Every structure is written in structure tokens, then in C-alpha cells.
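I have placed the structure first, in the form of C-alpha cells, so that the comments after it can refer back to it.
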2 protein chains.
Amino acid sequence: MFSQTVEYALRAVCHLAYTSPGSSTTEEIANSTKVPIAYLSKVLQGLARSGVVKSQRGVGGGISLVKTPEELTILEVVNAVDPIVRIASCPLGLKAHGKNLCPLHRRLDNAMASVEEAFRDTTLAEVIAEPTTSIPLCEFPSARPSNKK
Amino acid sequence: MFSQTVEYALRAVCHLAYTSPGSSTTEEIANSTKVPIAYLSKVLQGLARSGVVKSQRGVGGGISLVKTPEELTILEVVNAVDPIVRIASCPLGLKAHGKNLCPLHRRLDNAMASVEEAFRDTTLAEVIAEPTTSIPLCEFPSARPSNKK
DNA sequence: GAATAATTGGATGTCAATGTCCAATTTGGC
DNA sequence: GCCAAATTGGACATTGACATCCAATTATTC
């Protein structure tokens, strides 16, 4: 239901939330999140273009969050890489329906709305702070906050 | 968020609910749902394999629902063509997590669960019976219940 | 049993998502 | 200025979703 790219983006941002406000190398993120590094770099480029993360080239550079984990929601991350598109008008394109969704499409849209809302209400800080036996991400971000920048 | 195939399958089943328990030709369904007929036939084949619809070859044949609209849920249709896959264990494959989802994946799974539940609770009969200004599907199934079978 | 109505299944085509690789570029440290 | 660290961007490969077309098959009707 959610694309692979969304999954990868969330893992990456999750890692960055741990090391926030420090930065991490693409390689570090790839290792801790088990995402293919070459593809991860593309995903991170997308996140950078959307303003979710920022990148710093050169020695000591890397990727870091633009906002704090408290301010960043799951929805922002998801929408940055693979937006949740709501059904705004009749998918069959009939003018008679227009903005009035039929019962079928209203239900589909309601389902998307509930997902959107749940994601909008969850910050990265909540995700990583929640008490649990399973910390997000397999490998805990190698507690080296890479305290540059 | 939902595939094109799911959208097509739901439209087709919606049409069939109107003409239920009668049957409709693939061509009739395609016309009323504005789904490319060649692709629709593949989608219907899938629905037939999953037991949601049954097909009858030859003159006077066509496609009809196996269950009544009252018994058939949206979830059954969706799962027949593009199943909602719940997150059963850590997508990163770490044994330490196992069945314990981390906060991130638990939230993703919860979102899917809410969609699944909403779909499980909605029958086709509800969809087509609901009072509305926009009847499901653009073209009302040409009130000719094709009363064969 | 011939003609017609319909679905079925296979072959094929296109495109976006996913994934890989590498040369070019930027940057900090010596 | 030079080297090493790191991202960037382009080219390319692979796969599955979406879509089309048609010959083969099945079934009804006369």
C-alpha cells in the first residue's frame, strides 16, 4: 500500500531524528537502515529537494534534518517522496458528479483521509521516543552523533 | 495509494451489484465503467479466479457476482486483485524485532488496519443503496438486468 | 451442425518504480 | 594547492503495472 520509496525515506528520516541536530553520511544511513546505498542517495536527493533534509558536501558533510524531530511529521516525509493524493473529483470524469463523490469514491477517499490524518498527527519525535522493546530501525544509529554543523 | 486495478475492479463489481443477480457482458461493464475493455477482461479474470465473480461463456453469457451485494464487501474485492498486505514482522528482517513492530512500523500497520477495517465493514449493497446525488459509476448500468441465469 | 456470442489465454508493448554505477563537483583539512 | 571525503547528476538495467490485440475455446440458438 505504501511504496518502497516511502519505507526507505521513513527509515532514513528516523535515523536522522536520532542523530539530530547532527548530520549523518549517506553511507551511515544506508548501513543502519539496510537500504541500498545507491538508491538511498536518490531518495535523499528527493527529500532535500522537498526541504525535509539538507545536504552538505565535502569532508565532514552529510545529511541532516531541516526541522527538529518535534516539528517533523510522518506526513511531511511521505508527501515529499510519494504524495498521498486525495480524490478531489469523480475519477470517471463525469461533470454531473464533479466535486460530489459517489458513495464508492467517498469511501475510498475517507480511507485515505484517515491515513493522512494519522500521519499528520505523528511527529518523528513521538516515533523515536515511544517506549518499546523494538527500537525503530534494526541497527541503532551508531550512537556517534557526528556532531558537525 | 490504491492501484488502478483496484479502482477498475470496484467499478466493475459496483456495476454488477446493480444488475445482480443478473449477469453483464464484459462490454457492457466496460461501457458503463469507462474501463478499457481489453484490460477489464483481465481484471475480471482475476476476480473470477478469486471467486468474487463467475463467468459464463457463449451466447447470453457474461459475468455475475457469486455472492449477493449484501454479502460482498469492498475488502473482498480489493484483496482479490491487489491484497492489502499487513506488516506482520520487522521489514528490516531483524530477528531481535521479530513480531514486535517498532513504533514506526506499528503506525504504518495501524494505518493499513484502519483501511482494512473500513473496507471490511462496507458491503456493495451499502454502496449502491446510499442516498446521494451522485450514483456510483458515471453511466448508470443501462437498466437492462440482462436477466439470464 | 452451423452461426453467433462470449470468455480465455498468450504474446506483445509501454512506462514508471526500483536499483546500480560512475564521473563530476564541492568542500574541509593539511 | 593538493588530497580525501562526500554529495550530485546522468546513464543505464530490471521489473512489475497497465494496456492492447487476437486466435482459440466454449456455449447457446436456430
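Residue numbering restarts at 1 for every chain of the C-alpha cells, chains are lettered A, B, ... in their displayed order, and ligands are numbered from 1 as they appear.
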Requested in this report: Using only C-alpha atoms (C1' of nucleotides), find which residues of chain C lie within 12 Å of chain A and jot them down as JSON, numbers by chain.
Outcome: {"C": [17, 18, 19, 20, 21, 22, 25, 26, 27, 28, 29]}
Give me, as a PDB file with C-alpha atoms (C1' of nucleotides), in the first residue's frame, the contact residues of chain D against chain A at a cut-off of 6 Å, counting only C-alpha atoms (C1' of nucleotides).
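Final output, out-v8.pdb:
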ATOM      1  C1'  DA D   5      35.511  12.998   1.878  1.00  0.00           C
ATOM      2  C1'  DA D   6      31.094  13.457   0.413  1.00  0.00           C
ATOM      3  C1'  DT D   7      27.070  14.704  -2.422  1.00  0.00           C
TER       4       DT D   7
END
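With only C-alpha atoms as the atoms that count, the residue of B:Thr68, B:Ser24, B:Asn31, B:Thr19 with the shortest distance to chain A is B:Asn31.
Nearest residue to chain B among A:Val6, A:Ala125, A:Ile29, A:Met1 is A:Met1, counting only C-alpha atoms.
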Could you fit chain A onto chain B with a least-squares superposition over all C-alpha atoms, matched one to one in order, and give me the transformed chain as a PDB file with C-alpha atoms, in the first residue's frame?
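And here's part.pdb as it stands now:
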ATOM      1  CA  MET A   1      -2.489   4.703  -2.783  1.00  0.00           C
ATOM      2  CA  PHE A   2      -4.768   2.176  -4.399  1.00  0.00           C
ATOM      3  CA  SER A   3      -3.813   0.679  -7.714  1.00  0.00           C
ATOM      4  CA  GLN A   4      -5.618   1.347 -10.938  1.00  0.00           C
ATOM      5  CA  THR A   5      -6.607  -2.300 -10.993  1.00  0.00           C
ATOM      6  CA  VAL A   6      -8.377  -1.954  -7.643  1.00  0.00           C
ATOM      7  CA  GLU A   7     -10.272   1.048  -8.930  1.00  0.00           C
ATOM      8  CA  TYR A   8     -11.346  -0.859 -12.027  1.00  0.00           C
ATOM      9  CA  ALA A   9     -12.356  -3.948 -10.084  1.00  0.00           C
ATOM     10  CA  LEU A  10     -14.499  -1.915  -7.718  1.00  0.00           C
ATOM     11  CA  ARG A  11     -16.214  -0.126 -10.575  1.00  0.00           C
ATOM     12  CA  ALA A  12     -16.940  -3.409 -12.286  1.00  0.00           C
ATOM     13  CA  VAL A  13     -18.290  -5.055  -9.163  1.00  0.00           C
ATOM     14  CA  CYS A  14     -20.368  -1.970  -8.491  1.00  0.00           C
ATOM     15  CA  HIS A  15     -21.963  -2.290 -11.895  1.00  0.00           C
ATOM     16  CA  LEU A  16     -22.599  -5.974 -11.296  1.00  0.00           C
ATOM     17  CA  ALA A  17     -24.217  -5.191  -7.970  1.00  0.00           C
ATOM     18  CA  TYR A  18     -26.801  -3.093  -9.776  1.00  0.00           C
ATOM     19  CA  THR A  19     -27.678  -5.854 -12.187  1.00  0.00           C
ATOM     20  CA  SER A  20     -27.345  -8.629  -9.598  1.00  0.00           C
ATOM     21  CA  PRO A  21     -28.375 -11.385  -9.637  1.00  0.00           C
ATOM     22  CA  GLY A  22     -28.382 -10.964 -13.418  1.00  0.00           C
ATOM     23  CA  SER A  23     -25.226 -11.017 -15.491  1.00  0.00           C
ATOM     24  CA  SER A  24     -23.529  -8.436 -17.693  1.00  0.00           C
ATOM     25  CA  THR A  25     -21.289  -8.664 -20.697  1.00  0.00           C
ATOM     26  CA  THR A  26     -17.698  -7.510 -20.363  1.00  0.00           C
ATOM     27  CA  GLU A  27     -18.532  -4.942 -23.004  1.00  0.00           C
ATOM     28  CA  GLU A  28     -21.504  -3.646 -21.031  1.00  0.00           C
ATOM     29  CA  ILE A  29     -19.385  -3.295 -17.920  1.00  0.00           C
ATOM     30  CA  ALA A  30     -16.621  -1.575 -19.866  1.00  0.00           C
ATOM     31  CA  ASN A  31     -19.027   0.956 -21.306  1.00  0.00           C
ATOM     32  CA  SER A  32     -20.665   1.811 -18.038  1.00  0.00           C
ATOM     33  CA  THR A  33     -17.448   1.984 -16.040  1.00  0.00           C
ATOM     34  CA  LYS A  34     -15.216   3.575 -18.678  1.00  0.00           C
ATOM     35  CA  VAL A  35     -12.578   0.925 -18.208  1.00  0.00           C
ATOM     36  CA  PRO A  36     -10.556  -0.167 -21.278  1.00  0.00           C
ATOM     37  CA  ILE A  37     -12.336  -3.344 -22.306  1.00  0.00           C
ATOM     38  CA  ALA A  38      -9.226  -5.386 -23.042  1.00  0.00           C
ATOM     39  CA  TYR A  39      -7.791  -4.687 -19.633  1.00  0.00           C
ATOM     40  CA  LEU A  40     -11.120  -5.080 -17.907  1.00  0.00           C
ATOM     41  CA  SER A  41     -11.359  -8.611 -19.207  1.00  0.00           C
ATOM     42  CA  LYS A  42      -8.075  -9.391 -17.442  1.00  0.00           C
ATOM     43  CA  VAL A  43      -9.307  -7.851 -14.220  1.00  0.00           C
ATOM     44  CA  LEU A  44     -12.515  -9.852 -14.438  1.00  0.00           C
ATOM     45  CA  GLN A  45     -10.522 -13.016 -15.029  1.00  0.00           C
ATOM     46  CA  GLY A  46      -8.717 -12.311 -11.782  1.00  0.00           C
ATOM     47  CA  LEU A  47     -11.964 -11.702  -9.949  1.00  0.00           C
ATOM     48  CA  ALA A  48     -13.296 -14.963 -11.331  1.00  0.00           C
ATOM     49  CA  ARG A  49     -10.226 -16.880 -10.186  1.00  0.00           C
ATOM     50  CA  SER A  50     -10.691 -15.444  -6.707  1.00  0.00           C
ATOM     51  CA  GLY A  51     -14.313 -16.474  -6.651  1.00  0.00           C
ATOM     52  CA  VAL A  52     -15.754 -12.980  -6.465  1.00  0.00           C
ATOM     53  CA  VAL A  53     -17.490 -13.262  -9.816  1.00  0.00           C
ATOM     54  CA  LYS A  54     -18.340 -16.126 -12.113  1.00  0.00           C
ATOM     55  CA  SER A  55     -18.300 -16.150 -15.876  1.00  0.00           C
ATOM     56  CA  GLN A  56     -20.494 -17.816 -18.425  1.00  0.00           C
ATOM     57  CA  ARG A  57     -19.293 -18.254 -21.975  1.00  0.00           C
ATOM     58  CA  GLY A  58     -21.317 -18.256 -25.114  1.00  0.00           C
ATOM     59  CA  VAL A  59     -24.498 -16.604 -26.243  1.00  0.00           C
ATOM     60  CA  GLY A  60     -26.338 -14.929 -23.381  1.00  0.00           C
ATOM     61  CA  GLY A  61     -23.334 -15.386 -21.136  1.00  0.00           C
ATOM     62  CA  GLY A  62     -21.418 -12.768 -19.208  1.00  0.00           C
ATOM     63  CA  ILE A  63     -20.196 -11.995 -15.732  1.00  0.00           C
ATOM     64  CA  SER A  64     -22.180 -12.120 -12.518  1.00  0.00           C
ATOM     65  CA  LEU A  65     -21.505 -11.868  -8.803  1.00  0.00           C
ATOM     66  CA  VAL A  66     -21.059 -15.057  -6.822  1.00  0.00           C
ATOM     67  CA  LYS A  67     -22.426 -13.528  -3.624  1.00  0.00           C
ATOM     68  CA  THR A  68     -25.274 -11.093  -3.198  1.00  0.00           C
ATOM     69  CA  PRO A  69     -24.340  -7.411  -2.842  1.00  0.00           C
ATOM     70  CA  GLU A  70     -25.381  -7.715   0.810  1.00  0.00           C
ATOM     71  CA  GLU A  71     -22.761 -10.382   1.425  1.00  0.00           C
ATOM     72  CA  LEU A  72     -19.916  -8.955  -0.642  1.00  0.00           C
ATOM     73  CA  THR A  73     -17.564  -6.492   1.003  1.00  0.00           C
ATOM     74  CA  ILE A  74     -15.219  -3.993  -0.573  1.00  0.00           C
ATOM     75  CA  LEU A  75     -12.360  -5.745   1.179  1.00  0.00           C
ATOM     76  CA  GLU A  76     -13.057  -9.006  -0.617  1.00  0.00           C
ATOM     77  CA  VAL A  77     -12.873  -7.252  -3.957  1.00  0.00           C
ATOM     78  CA  VAL A  78      -9.708  -5.372  -3.086  1.00  0.00           C
ATOM     79  CA  ASN A  79      -7.992  -8.451  -1.724  1.00  0.00           C
ATOM     80  CA  ALA A  80      -8.944 -10.410  -4.809  1.00  0.00           C
ATOM     81  CA  VAL A  81      -6.991  -8.173  -7.158  1.00  0.00           C
ATOM     82  CA  ASP A  82      -4.415  -6.365  -5.044  1.00  0.00           C
ATOM     83  CA  PRO A  83      -4.336  -7.650  -1.471  1.00  0.00           C
ATOM     84  CA  ILE A  84      -3.802  -5.343   1.471  1.00  0.00           C
ATOM     85  CA  VAL A  85      -0.634  -6.766   2.994  1.00  0.00           C
ATOM     86  CA  ARG A  86      -0.256  -6.077   6.675  1.00  0.00           C
ATOM     87  CA  ILE A  87       3.158  -5.684   8.276  1.00  0.00           C
ATOM     88  CA  ALA A  88       3.559  -8.896  10.214  1.00  0.00           C
ATOM     89  CA  SER A  89       7.177  -8.551  11.219  1.00  0.00           C
ATOM     90  CA  CYS A  90      10.120  -6.175  11.069  1.00  0.00           C
ATOM     91  CA  PRO A  91      10.656  -5.201   7.404  1.00  0.00           C
ATOM     92  CA  LEU A  92      14.374  -4.887   8.112  1.00  0.00           C
ATOM     93  CA  GLY A  93      14.391  -8.571   8.924  1.00  0.00           C
ATOM     94  CA  LEU A  94      16.075  -8.287  12.282  1.00  0.00           C
ATOM     95  CA  LYS A  95      15.335 -11.213  14.549  1.00  0.00           C
ATOM     96  CA  ALA A  96      15.607  -9.003  17.621  1.00  0.00           C
ATOM     97  CA  HIS A  97      12.415  -7.316  16.506  1.00  0.00           C
ATOM     98  CA  GLY A  98      10.606 -10.306  15.100  1.00  0.00           C
ATOM     99  CA  LYS A  99       6.891  -9.850  15.669  1.00  0.00           C
ATOM    100  CA  ASN A 100       7.423  -6.743  17.750  1.00  0.00           C
ATOM    101  CA  LEU A 101       6.957  -3.884  15.387  1.00  0.00           C
ATOM    102  CA  CYS A 102       8.905  -0.759  16.152  1.00  0.00           C
ATOM    103  CA  PRO A 103       6.871   2.438  16.696  1.00  0.00           C
ATOM    104  CA  LEU A 104       7.347   3.457  13.082  1.00  0.00           C
ATOM    105  CA  HIS A 105       6.112   0.239  11.542  1.00  0.00           C
ATOM    106  CA  ARG A 106       3.400  -0.175  14.106  1.00  0.00           C
ATOM    107  CA  ARG A 107       1.990   3.145  12.950  1.00  0.00           C
ATOM    108  CA  LEU A 108       2.208   2.199   9.305  1.00  0.00           C
ATOM    109  CA  ASP A 109       0.492  -1.072  10.064  1.00  0.00           C
ATOM    110  CA  ASN A 110      -2.189   0.680  12.099  1.00  0.00           C
ATOM    111  CA  ALA A 111      -2.950   2.855   9.113  1.00  0.00           C
ATOM    112  CA  MET A 112      -3.375  -0.212   6.939  1.00  0.00           C
ATOM    113  CA  ALA A 113      -5.485  -1.841   9.621  1.00  0.00           C
ATOM    114  CA  SER A 114      -7.903   1.060   9.683  1.00  0.00           C
ATOM    115  CA  VAL A 115      -8.289   0.920   5.930  1.00  0.00           C
ATOM    116  CA  GLU A 116      -8.761  -2.826   6.025  1.00  0.00           C
ATOM    117  CA  GLU A 117     -11.401  -2.499   8.703  1.00  0.00           C
ATOM    118  CA  ALA A 118     -13.301   0.216   6.890  1.00  0.00           C
ATOM    119  CA  PHE A 119     -13.361  -1.944   3.777  1.00  0.00           C
ATOM    120  CA  ARG A 120     -14.388  -5.041   5.671  1.00  0.00           C
ATOM    121  CA  ASP A 121     -17.328  -3.183   7.159  1.00  0.00           C
ATOM    122  CA  THR A 122     -18.711  -1.972   3.856  1.00  0.00           C
ATOM    123  CA  THR A 123     -20.844  -4.145   1.615  1.00  0.00           C
ATOM    124  CA  LEU A 124     -21.588  -3.457  -1.997  1.00  0.00           C
ATOM    125  CA  ALA A 125     -25.246  -3.210  -1.080  1.00  0.00           C
ATOM    126  CA  GLU A 126     -24.487  -0.286   1.201  1.00  0.00           C
ATOM    127  CA  VAL A 127     -22.508   1.433  -1.492  1.00  0.00           C
ATOM    128  CA  ILE A 128     -25.205   1.268  -4.111  1.00  0.00           C
ATOM    129  CA  ALA A 129     -28.096   1.887  -1.731  1.00  0.00           C
ATOM    130  CA  GLU A 130     -26.752   5.017  -0.105  1.00  0.00           C
ATOM    131  CA  PRO A 131     -28.850   8.088  -0.861  1.00  0.00           C
ATOM    132  CA  THR A 132     -26.773  10.544  -2.821  1.00  0.00           C
ATOM    133  CA  THR A 133     -26.835  12.968  -5.658  1.00  0.00           C
ATOM    134  CA  SER A 134     -24.033  11.074  -7.369  1.00  0.00           C
ATOM    135  CA  ILE A 135     -24.812   7.489  -8.147  1.00  0.00           C
ATOM    136  CA  PRO A 136     -21.777   5.237  -8.249  1.00  0.00           C
ATOM    137  CA  LEU A 137     -20.327   4.937 -11.735  1.00  0.00           C
ATOM    138  CA  CYS A 138     -20.778   7.538 -14.357  1.00  0.00           C
ATOM    139  CA  GLU A 139     -23.207   5.823 -16.612  1.00  0.00           C
ATOM    140  CA  PHE A 140     -25.954   4.123 -14.740  1.00  0.00           C
ATOM    141  CA  PRO A 141     -25.896   0.465 -15.720  1.00  0.00           C
ATOM    142  CA  SER A 142     -28.324   0.587 -18.591  1.00  0.00           C
ATOM    143  CA  ALA A 143     -31.221  -0.629 -16.481  1.00  0.00           C
ATOM    144  CA  ARG A 144     -31.416  -3.776 -18.544  1.00  0.00           C
ATOM    145  CA  PRO A 145     -30.762  -6.494 -15.946  1.00  0.00           C
ATOM    146  CA  SER A 146     -29.827  -8.938 -18.655  1.00  0.00           C
ATOM    147  CA  ASN A 147     -32.004 -11.394 -16.784  1.00  0.00           C
ATOM    148  CA  LYS A 148     -30.290 -14.551 -17.833  1.00  0.00           C
ATOM    149  CA  LYS A 149     -29.122 -17.199 -15.430  1.00  0.00           C
TER     150      LYS A 149
END
Report task. List every residue of chain A that DSSP, applied to the backbone, labels as alpha helix (DSSP H), and write the result as a ChimeraX atom specification. Result -> /A:4-19,26-33,37-49,74-81,103-120,124-129
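The residue set within 12 Å of DA11 in chain C, counting only C-alpha atoms (C1' of nucleotides) and dropping same-chain residues fewer than 3 places from it, reads DT20, DC21, DC22 and DA23 of chain D.
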Query raised in the report: What residues in range 5-117 of chain A get the DSSP label strand (DSSP E)? Please answer as number ranges by chain.
Result: A: 53-56, 62-65
Kindly export the residues of the current selection with C-alpha atoms, as a PDB file, in the first residue's frame.
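Output contents, as saved in part-v7.pdb:
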ATOM      1  CA  VAL A  53      16.516  17.355   4.823  1.00  0.00           C
ATOM      2  CA  LYS A  54      19.522  19.399   3.832  1.00  0.00           C
ATOM      3  CA  SER A  55      22.812  18.156   2.492  1.00  0.00           C
ATOM      4  CA  GLN A  56      26.350  19.304   2.991  1.00  0.00           C
ATOM      5  CA  GLY A  62      26.323  14.607   5.202  1.00  0.00           C
ATOM      6  CA  ILE A  63      22.582  14.797   5.581  1.00  0.00           C
ATOM      7  CA  SER A  64      20.636  16.409   8.390  1.00  0.00           C
ATOM      8  CA  LEU A  65      17.033  17.275   9.160  1.00  0.00           C
TER       9      LEU A  65
END
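Taking C1' of DT12 in chain C and C1' of DT26 in chain D as the two end points, the separation is 25.0 Å.
The spacing separating C1' of DA17 in chain D from C1' of DG9 in chain C amounts to 18.6 Å.
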